[in-house]
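Structure below is run12.pdb: PDB, C-alpha atoms.
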ATOM      1  CA  ARG A   1     187.978 142.189 160.661
ATOM      2  CA  ALA A   2     191.330 141.258 159.090
ATOM      3  CA  GLN A   3     191.148 137.800 160.643
ATOM      4  CA  ASP A   4     187.860 137.090 158.828
ATOM      5  CA  ARG A   5     188.888 138.082 155.306
ATOM      6  CA  ALA A   6     189.345 135.575 152.508
ATOM      7  CA  LEU A   7     192.883 134.384 151.890
ATOM      8  CA  ARG A   8     194.581 133.692 148.577
ATOM      9  CA  GLY A   9     197.019 130.817 148.232
ATOM     10  CA  LEU A  10     199.362 130.179 145.319
ATOM     11  CA  LEU A  11     200.164 126.483 144.865
ATOM     12  CA  LEU A  12     203.519 126.324 143.113
ATOM     13  CA  TYR A  13     204.991 123.149 141.674
ATOM     14  CA  PRO A  14     208.652 123.564 140.606
ATOM     15  CA  GLU A  15     210.139 122.202 137.414
ATOM     16  CA  PHE A  16     212.133 119.000 137.099
ATOM     17  CA  PRO A  17     215.516 119.209 135.361
ATOM     18  CA  ALA A  18     215.165 118.320 131.690
ATOM     19  CA  SER A  19     217.575 115.396 132.082
ATOM     20  CA  SER A  20     215.741 113.846 135.039
ATOM     21  CA  PHE A  21     213.477 110.800 134.982
ATOM     22  CA  TRP A  22     210.410 112.799 136.010
ATOM     23  CA  SER A  23     210.585 115.467 133.312
ATOM     24  CA  TYR A  24     209.501 113.359 130.308
ATOM     25  CA  ARG A  25     210.377 116.502 128.380
ATOM     26  CA  HIS A  26     210.911 114.795 125.033
ATOM     27  CA  ILE A  27     207.914 112.471 125.349
ATOM     28  CA  MET A  28     205.217 115.005 126.177
ATOM     29  CA  PRO A  29     205.029 116.551 122.677
ATOM     30  CA  MET A  30     204.551 113.056 121.249
ATOM     31  CA  VAL A  31     201.517 112.361 123.448
ATOM     32  CA  GLY A  32     200.013 115.837 123.191
ATOM     33  CA  ALA A  33     200.419 116.802 126.849
ATOM     34  CA  LYS A  34     202.311 119.517 128.689
ATOM     35  CA  ALA A  35     203.219 117.390 131.728
ATOM     36  CA  ALA A  36     203.005 113.749 132.698
ATOM     37  CA  PHE A  37     201.038 114.116 135.939
ATOM     38  CA  PRO A  38     199.324 116.787 138.032
ATOM     39  CA  PRO A  39     200.753 117.588 141.500
ATOM     40  CA  LEU A  40     198.447 115.349 143.535
ATOM     41  CA  GLY A  41     199.914 116.382 146.894
ATOM     42  CA  LEU A  42     199.236 120.081 146.362
ATOM     43  CA  LEU A  43     195.727 119.460 145.034
ATOM     44  CA  THR A  44     194.907 117.309 148.054
ATOM     45  CA  PHE A  45     196.463 119.818 150.452
ATOM     46  CA  ALA A  46     194.280 122.569 148.977
ATOM     47  CA  ALA A  47     191.203 120.432 149.651
ATOM     48  CA  LEU A  48     192.246 120.054 153.296
ATOM     49  CA  MET A  49     192.723 123.772 153.975
ATOM     50  CA  PRO A  50     189.998 125.857 155.670
ATOM     51  CA  PRO A  51     187.291 127.250 153.364
ATOM     52  CA  GLU A  52     188.471 130.862 153.671
ATOM     53  CA  TRP A  53     191.419 129.933 151.464
ATOM     54  CA  SER A  54     191.061 130.183 147.698
ATOM     55  CA  PHE A  55     193.769 128.755 145.474
ATOM     56  CA  GLU A  56     195.338 128.918 142.071
ATOM     57  CA  LEU A  57     197.856 126.372 140.843
ATOM     58  CA  LEU A  58     201.018 127.275 138.991
ATOM     59  CA  HIS A  59     202.657 124.132 137.620
ATOM     60  CA  LEU A  60     205.890 125.377 136.106
ATOM     61  CA  TYR A  61     205.986 122.516 133.632
ATOM     62  CA  VAL A  62     202.557 123.463 132.301
ATOM     63  CA  GLU A  63     202.943 127.226 132.463
ATOM     64  CA  ARG A  64     206.149 129.261 132.701
ATOM     65  CA  PRO A  65     205.191 132.900 133.188
ATOM     66  CA  SER A  66     207.633 135.739 132.775
ATOM     67  CA  ASP A  67     209.556 136.779 135.867
ATOM     68  CA  GLU A  68     207.434 139.944 136.057
ATOM     69  CA  ASP A  69     204.174 137.998 135.930
ATOM     70  CA  LEU A  70     205.404 135.416 138.421
ATOM     71  CA  ARG A  71     206.497 138.135 140.830
ATOM     72  CA  ALA A  72     203.091 139.800 140.582
ATOM     73  CA  ARG A  73     201.272 136.515 141.281
ATOM     74  CA  ILE A  74     203.462 135.802 144.296
ATOM     75  CA  ALA A  75     202.953 139.339 145.625
ATOM     76  CA  ALA A  76     199.168 139.035 145.245
ATOM     77  CA  ALA A  77     199.028 135.826 147.298
ATOM     78  CA  ASP A  78     198.710 135.610 151.072
ATOM     79  CA  ALA A  79     201.019 132.575 150.988
ATOM     80  CA  VAL A  80     202.844 130.346 148.526
ATOM     81  CA  PHE A  81     202.605 126.588 149.071
ATOM     82  CA  VAL A  82     205.212 124.341 147.472
ATOM     83  CA  SER A  83     205.586 120.571 147.332
ATOM     84  CA  ALA A  84     208.878 119.275 146.004
ATOM     85  CA  MET A  85     211.336 116.441 145.722
ATOM     86  CA  SER A  86     215.053 117.115 146.036
ATOM     87  CA  VAL A  87     215.480 116.972 142.260
ATOM     88  CA  GLN A  88     213.242 120.060 142.003
ATOM     89  CA  LYS A  89     215.509 122.115 144.268
ATOM     90  CA  PRO A  90     217.200 124.126 141.450
ATOM     91  CA  SER A  91     213.833 125.348 140.172
ATOM     92  CA  LEU A  92     212.695 126.379 143.662
ATOM     93  CA  VAL A  93     215.992 128.137 144.363
ATOM     94  CA  ALA A  94     215.700 130.037 141.075
ATOM     95  CA  VAL A  95     212.230 131.348 141.975
ATOM     96  CA  LEU A  96     213.187 132.324 145.525
ATOM     97  CA  SER A  97     216.365 134.105 144.446
ATOM     98  CA  GLY A  98     214.710 135.730 141.428
ATOM     99  CA  PRO A  99     211.028 136.689 141.116
ATOM    100  CA  ALA A 100     210.213 136.190 144.825
ATOM    101  CA  ARG A 101     213.178 138.090 146.215
ATOM    102  CA  GLY A 102     212.257 140.961 148.531
ATOM    103  CA  LEU A 103     208.529 140.202 148.675
ATOM    104  CA  GLU A 104     206.568 139.846 151.926
ATOM    105  CA  THR A 105     204.577 136.771 150.877
ATOM    106  CA  PRO A 106     205.382 133.814 153.178
ATOM    107  CA  TRP A 107     206.419 130.428 151.754
ATOM    108  CA  VAL A 108     205.476 126.944 152.979
ATOM    109  CA  LEU A 109     207.427 123.920 151.729
ATOM    110  CA  GLY A 110     206.247 120.340 152.137
ATOM    111  CA  GLY A 111     206.740 117.006 150.428
ATOM    112  CA  PRO A 112     209.698 114.607 150.269
ATOM    113  CA  TYR A 113     212.386 117.295 150.067
ATOM    114  CA  PRO A 114     211.967 118.965 153.488
ATOM    115  CA  SER A 115     211.039 115.603 155.014
ATOM    116  CA  SER A 116     214.371 114.019 154.046
ATOM    117  CA  TYR A 117     216.675 117.044 153.927
ATOM    118  CA  ARG A 118     215.353 119.408 156.582
ATOM    119  CA  ASN A 119     218.790 119.888 158.151
ATOM    120  CA  HIS A 120     220.290 120.909 154.811
ATOM    121  CA  ILE A 121     217.900 123.857 154.868
ATOM    122  CA  LEU A 122     217.926 124.679 158.575
ATOM    123  CA  GLU A 123     221.730 124.381 158.880
ATOM    124  CA  ALA A 124     222.577 125.834 155.479
ATOM    125  CA  ARG A 125     226.190 125.349 154.388
ATOM    126  CA  THR A 126     225.919 126.027 150.651
ATOM    127  CA  PRO A 127     224.736 129.114 148.743
ATOM    128  CA  SER A 128     221.635 127.316 147.427
ATOM    129  CA  ASP A 129     220.688 126.013 150.879
ATOM    130  CA  THR A 130     221.141 129.528 152.264
ATOM    131  CA  ILE A 131     218.648 130.822 149.700
ATOM    132  CA  LEU A 132     216.150 128.213 150.876
ATOM    133  CA  ARG A 133     216.747 128.990 154.550
ATOM    134  CA  ARG A 134     216.195 132.707 153.999
ATOM    135  CA  GLY A 135     213.390 132.304 151.481
ATOM    136  CA  LEU A 136     211.170 129.763 153.232
ATOM    137  CA  ASP A 137     209.007 130.401 156.279
ATOM    138  CA  VAL A 138     207.522 126.995 157.170
ATOM    139  CA  LEU A 139     208.799 123.453 156.557
ATOM    140  CA  ALA A 140     206.263 120.644 156.880
ATOM    141  CA  TRP A 141     207.536 117.133 157.567
ATOM    142  CA  GLY A 142     205.612 114.135 156.259
ATOM    143  CA  GLU A 143     201.954 114.244 155.269
ATOM    144  CA  GLY A 144     200.798 117.824 154.995
ATOM    145  CA  GLY A 145     197.288 117.150 156.226
ATOM    146  CA  GLN A 146     198.435 116.671 159.818
ATOM    147  CA  TRP A 147     199.794 120.226 159.883
ATOM    148  CA  VAL A 148     196.877 122.099 158.299
ATOM    149  CA  PRO A 149     195.619 123.725 161.562
ATOM    150  CA  GLU A 150     199.115 124.856 162.552
ATOM    151  CA  ILE A 151     199.981 126.112 159.057
ATOM    152  CA  HIS A 152     196.750 128.102 158.979
ATOM    153  CA  ARG A 153     197.475 129.537 162.434
ATOM    154  CA  LEU A 154     201.047 130.516 161.538
ATOM    155  CA  LEU A 155     199.949 132.261 158.361
ATOM    156  CA  ARG A 156     197.365 134.272 160.302
ATOM    157  CA  ALA A 157     199.843 135.225 163.026
ATOM    158  CA  GLU A 158     203.632 135.284 163.328
ATOM    159  CA  ARG A 159     204.318 134.079 159.784
ATOM    160  CA  ARG A 160     201.727 136.170 157.961
ATOM    161  CA  ARG A 161     204.627 138.025 156.327
ATOM    162  CA  HIS A 162     207.863 136.581 155.013
ATOM    163  CA  SER A 163     210.885 136.688 157.298
ATOM    164  CA  ASP A 164     214.538 135.930 156.594
ATOM    165  CA  GLU A 165     214.704 134.164 159.954
ATOM    166  CA  CYS A 166     215.053 130.392 160.205
ATOM    167  CA  PRO A 167     211.908 128.603 158.953
ATOM    168  CA  VAL A 168     209.468 127.064 161.418
ATOM    169  CA  LEU A 169     209.788 123.269 161.286
ATOM    170  CA  LEU A 170     206.576 121.277 161.773
ATOM    171  CA  ILE A 171     207.631 117.776 162.793
ATOM    172  CA  PRO A 172     206.569 115.192 165.402
ATOM    173  CA  ASP A 173     208.673 115.314 168.565
ATOM    174  CA  ALA A 174     209.622 111.648 168.213
ATOM    175  CA  ILE A 175     211.112 112.371 164.780
ATOM    176  CA  ALA A 176     212.756 115.675 165.701
ATOM    177  CA  THR A 177     214.849 114.018 168.421
ATOM    178  CA  GLN A 178     216.360 111.563 165.935
ATOM    179  CA  GLU A 179     219.013 112.107 163.330
ATOM    180  CA  PRO A 180     217.663 112.598 159.797
ATOM    181  CA  GLY A 181     217.591 109.201 158.131
ATOM    182  CA  SER A 182     216.871 107.305 161.333
ATOM    183  CA  ARG A 183     214.490 104.376 160.971
ATOM    184  CA  ARG A 184     213.704 103.805 164.625
ATOM    185  CA  ALA A 185     210.160 105.178 164.406
ATOM    186  CA  LEU A 186     209.005 103.437 161.242
ATOM    187  CA  ASN A 187     206.277 101.463 163.015
ATOM    188  CA  ASP A 188     205.149 104.211 165.393
ATOM    189  CA  ARG A 189     201.386 104.336 164.867
ATOM    190  CA  THR A 190     201.044 107.543 166.836
ATOM    191  CA  ILE A 191     202.975 109.205 163.999
ATOM    192  CA  PHE A 192     201.863 107.136 161.014
ATOM    193  CA  LYS A 193     198.133 106.970 161.578
ATOM    194  CA  GLU A 194     195.643 104.823 159.724
ATOM    195  CA  LEU A 195     193.997 106.407 156.729
ATOM    196  CA  THR A 196     190.246 106.640 156.588
ATOM    197  CA  ARG A 197     188.855 109.119 154.114
ATOM    198  CA  THR A 198     190.722 111.911 152.400
ATOM    199  CA  PRO A 199     188.981 114.743 150.565
ATOM    200  CA  LEU A 200     188.799 114.678 146.797
ATOM    201  CA  PRO A 201     191.742 116.507 145.225
ATOM    202  CA  ARG A 202     190.976 119.969 143.843
ATOM    203  CA  TRP A 203     190.726 118.848 140.221
ATOM    204  CA  ASP A 204     188.987 122.152 139.465
ATOM    205  CA  LEU A 205     192.370 123.881 139.736
ATOM    206  CA  ILE A 206     193.824 122.124 136.676
ATOM    207  CA  ASP A 207     193.011 121.647 133.025
ATOM    208  CA  LEU A 208     192.856 117.867 132.593
ATOM    209  CA  ARG A 209     193.983 118.224 128.983
ATOM    210  CA  ASP A 210     197.414 119.427 130.107
ATOM    211  CA  TYR A 211     198.352 116.021 131.558
ATOM    212  CA  ARG A 212     199.158 112.575 130.211
ATOM    213  CA  ALA A 213     197.456 110.819 133.131
ATOM    214  CA  MET A 214     195.700 111.555 136.400
ATOM    215  CA  MET A 215     197.055 110.370 139.753
ATOM    216  CA  MET A 216     195.592 108.704 142.834
ATOM    217  CA  GLN A 217     196.884 107.017 145.972
ATOM    218  CA  THR A 218     195.314 103.927 147.535
ATOM    219  CA  THR A 219     197.916 103.145 150.211
ATOM    220  CA  VAL A 220     200.771 104.897 152.005
ATOM    221  CA  GLY A 221     203.924 103.344 153.465
ATOM    222  CA  CYS A 222     205.897 100.177 152.788
ATOM    223  CA  ARG A 223     206.963  97.182 154.878
ATOM    224  CA  PHE A 224     210.303  96.713 153.109
ATOM    225  CA  ARG A 225     213.598  98.293 154.184
ATOM    226  CA  CYS A 226     215.443  99.027 150.935
ATOM    227  CA  ASP A 227     218.703 100.885 151.508
ATOM    228  CA  PHE A 228     218.188 103.157 148.498
ATOM    229  CA  CYS A 229     214.722 104.393 149.510
ATOM    230  CA  ASP A 230     213.891 107.122 152.027
ATOM    231  CA  ILE A 231     210.115 107.181 151.558
ATOM    232  CA  ILE A 232     209.445 104.984 154.583
ATOM    233  CA  GLN A 233     211.121 107.550 156.849
ATOM    234  CA  PHE A 234     208.240 109.988 156.373
ATOM    235  CA  ASN A 235     205.433 107.690 155.152
ATOM    236  CA  GLY A 236     205.955 104.826 157.570
ATOM    237  CA  GLY A 237     207.336 101.306 157.535
ATOM    238  CA  PHE A 238     204.017  99.520 157.099
ATOM    239  CA  THR A 239     201.152  99.754 154.623
ATOM    240  CA  ARG A 240     198.262 102.063 155.475
ATOM    241  CA  PRO A 241     195.371 101.544 153.053
ATOM    242  CA  ARG A 242     192.546 103.903 152.265
ATOM    243  CA  THR A 243     189.015 102.589 152.367
ATOM    244  CA  LEU A 244     187.553 101.055 149.226
ATOM    245  CA  GLU A 245     184.781 103.649 149.320
ATOM    246  CA  SER A 246     187.208 106.580 149.250
ATOM    247  CA  VAL A 247     189.184 105.069 146.361
ATOM    248  CA  ARG A 248     185.944 104.518 144.456
ATOM    249  CA  ASP A 249     184.921 108.124 145.131
ATOM    250  CA  ASP A 250     188.227 109.336 143.667
ATOM    251  CA  LEU A 251     187.726 107.347 140.483
ATOM    252  CA  GLU A 252     184.109 108.412 140.115
ATOM    253  CA  ALA A 253     185.067 112.071 140.583
ATOM    254  CA  VAL A 254     187.604 111.922 137.760
ATOM    255  CA  LEU A 255     185.114 110.067 135.576
ATOM    256  CA  ALA A 256     182.461 112.718 136.263
ATOM    257  CA  LEU A 257     184.833 115.375 134.935
ATOM    258  CA  GLY A 258     184.746 113.657 131.562
ATOM    259  CA  TYR A 259     188.236 112.206 131.847
ATOM    260  CA  ARG A 260     188.766 108.884 130.070
ATOM    261  CA  GLY A 261     192.538 108.496 130.115
ATOM    262  CA  GLY A 262     195.007 106.632 132.309
ATOM    263  CA  VAL A 263     195.252 106.819 136.095
ATOM    264  CA  PHE A 264     198.707 106.529 137.662
ATOM    265  CA  THR A 265     198.765 104.965 141.136
ATOM    266  CA  VAL A 266     201.376 106.657 143.316
ATOM    267  CA  ASP A 267     201.457 104.133 146.168
ATOM    268  CA  ASP A 268     204.838 103.660 147.842
ATOM    269  CA  ASN A 269     204.565  99.941 147.138
ATOM    270  CA  PHE A 270     201.482  98.905 145.191
ATOM    271  CA  VAL A 271     201.906  95.177 145.974
ATOM    272  CA  GLY A 272     203.634  95.530 149.350
ATOM    273  CA  ASN A 273     200.695  94.222 151.349
ATOM    274  CA  PRO A 274     198.358  92.385 148.943
TER     275      PRO A 274
END

Here is the file; what I need is its structure written in the form of structure tokens.
Amino acid sequence: RAQDRALRGLLLYPEFPASSFWSYRHIMPMVGAKAAFPPLGLLTFAALMPPEWSFELLHLYVERPSDEDLRARIAAADAVFVSAMSVQKPSLVAVLSGPARGLETPWVLGGPYPSSYRNHILEARTPSDTILRRGLDVLAWGEGGQWVPEIHRLLRAERRRHSDECPVLLIPDAIATQEPGSRRALNDRTIFKELTRTPLPRWDLIDLRDYRAMMMQTTVGCRFRCDFCDIIQFNGGFTRPRTLESVRDDLEAVLALGYRGGVFTVDDNFVGNP
């Protein structure tokens, strides 16, 4: 049956502009790496998806295929999964308006960008936002793991093929009723749930030698209310720690792969709740 067949997912991580903080473009050749860090969010999301999904990762800072090759890889996938910050928008727009244009493969976007700027996409007023609105099929607010069952269902049903219609927005009702940027729900523990164990990231999808350092997360959220920071709006206004056992498992898994380099901790505030 079609519903029982294996599914192929393409994890796509857009480029950072060369002039941005996160590109490290001029430093990477000096340290013998292609990119500073692997896309931890996408690798963890892949580990959370049902077993009928197989994945390949295309990190556009590590590998930049030709437009023809990229189009073929998108067409061969049952879905493309993207995680991005707002600074990566130009790269995503370029792929959607170029190699991906006219294909039936559906696109799912998660990460900080749709969490903070969902209305820019859903109520597009600029040419680039219009490309995103027409090119994306599902927007996932906040932590992707909470939406895995619904994403899987959508991609097996009404969003199994790309549509130019408005993307489906996956967002808690308590957040959807507020204006973007609102901080009224920062301490809502029905939205920002305690962390227990998370699966090991899919390190098998990357070549460790391509990166300057590995990444791991020990806590999520932050108790401070800095005006310049929007992370607490989708990660919560209090610290949610992982268990010591799960953090130890992460480190042991990387060690077992033979990796002996640095590990970058991506906590929202590493010392926010010592």

Could I get the residues of segment 53-104 of chain A with an atom no further than 10 Å from an atom of segment 29-34 of chain A, each paired with its nearest atom pair and that distance in Å to one decimal, using all atoms listed in the file, sorted by chain and residue number, as a tab-separated table?
residue	atom	partner	partner_atom	distance
A:Tyr61	CA	A:Lys34	CA	6.9
A:Val62	CA	A:Lys34	CA	5.4
A:Glu63	CA	A:Lys34	CA	8.6

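Atom to atom, atom CA of Thr265 of chain A and atom CA of Ile151 of chain A stand 27.7 Å apart.
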
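Distances here use only C-alpha atoms; by that measure, the residue among A:Thr44, A:Ser86, A:Thr190, A:Ser163 closest to Gly145 of chain A is A:Thr44.
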
Check: For this file, the PyMOL selection byres ((chain A and resi 249-260) around 9) selects which residues, as a ChimeraX atom specification?
Finding: /A:199-201,203,208-209,214,216,244-248,261-263

Notebook entry, point to check: Using the chain letters and numbers from the file, which residues does the PyMOL selection byres ((chain A and resi 43) around 8) grab, as a PyMOL selection string?
Noted result: chain A and resi 39-42+44-47+201-203+205

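Across A:Arg184, A:Arg160, A:Arg134, A:Arg8, the tightest approach to Ala77 of chain A is made by A:Arg8 when counting all atoms listed in the file.
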
Next item on the list: Check what the PyMOL selection byres ((chain A and resi 237) around 6) selects in the file above and give those residues as a PyMOL selection string.
Entry: chain A and resi 186-187+221-223+232+236+238

Would you place a box with edges along x, y and z of the file around all atoms of segment 27-38 of chain A listed there, add 8 Å to each of its six sides, and report the centre and edge lengths in Å to one decimal, as JSON?
{"center_x": 203.6, "center_y": 115.9, "center_z": 129.6, "size_x": 24.6, "size_y": 23.2, "size_z": 32.8}

Contact check, segment 111-209 of chain A to segment 96-104 of chain A, at most 8 Å, counting only C-alpha atoms, closest pairs as CSV:
residue,atom,partner,partner_atom,distance
A:Ile131,CA,A:Ser97,CA,6.6
A:Leu132,CA,A:Leu96,CA,7.4
A:Gly135,CA,A:Leu96,CA,6.0
A:Arg161,CA,A:Glu104,CA,5.1
A:His162,CA,A:Glu104,CA,4.7
A:Ser163,CA,A:Glu104,CA,7.6

Notebook entry, point to check: So how far away is atom CA of Asp204 of chain A from atom CA of Glu52 of chain A, in Å?
Noted result: 16.7 Å

Notebook entry, point to check: Hey, can you check how far atom CA of Thr239 of chain A sits from atom CA of Asn269 of chain A?
Noted result: 8.2 Å

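If all atoms listed in the file are the atoms counted, then among A:Thr105, A:Asn235, A:Ser19, A:Thr219 the closest residue to Leu195 of chain A is A:Thr219.
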
Next item on the list: Would you mind telling me which residue in A:Ser115, A:Ala157, A:Ala94, A:Gln217 lies nearest to Pro127 of chain A when using only C-alpha atoms?
Entry: A:Ala94
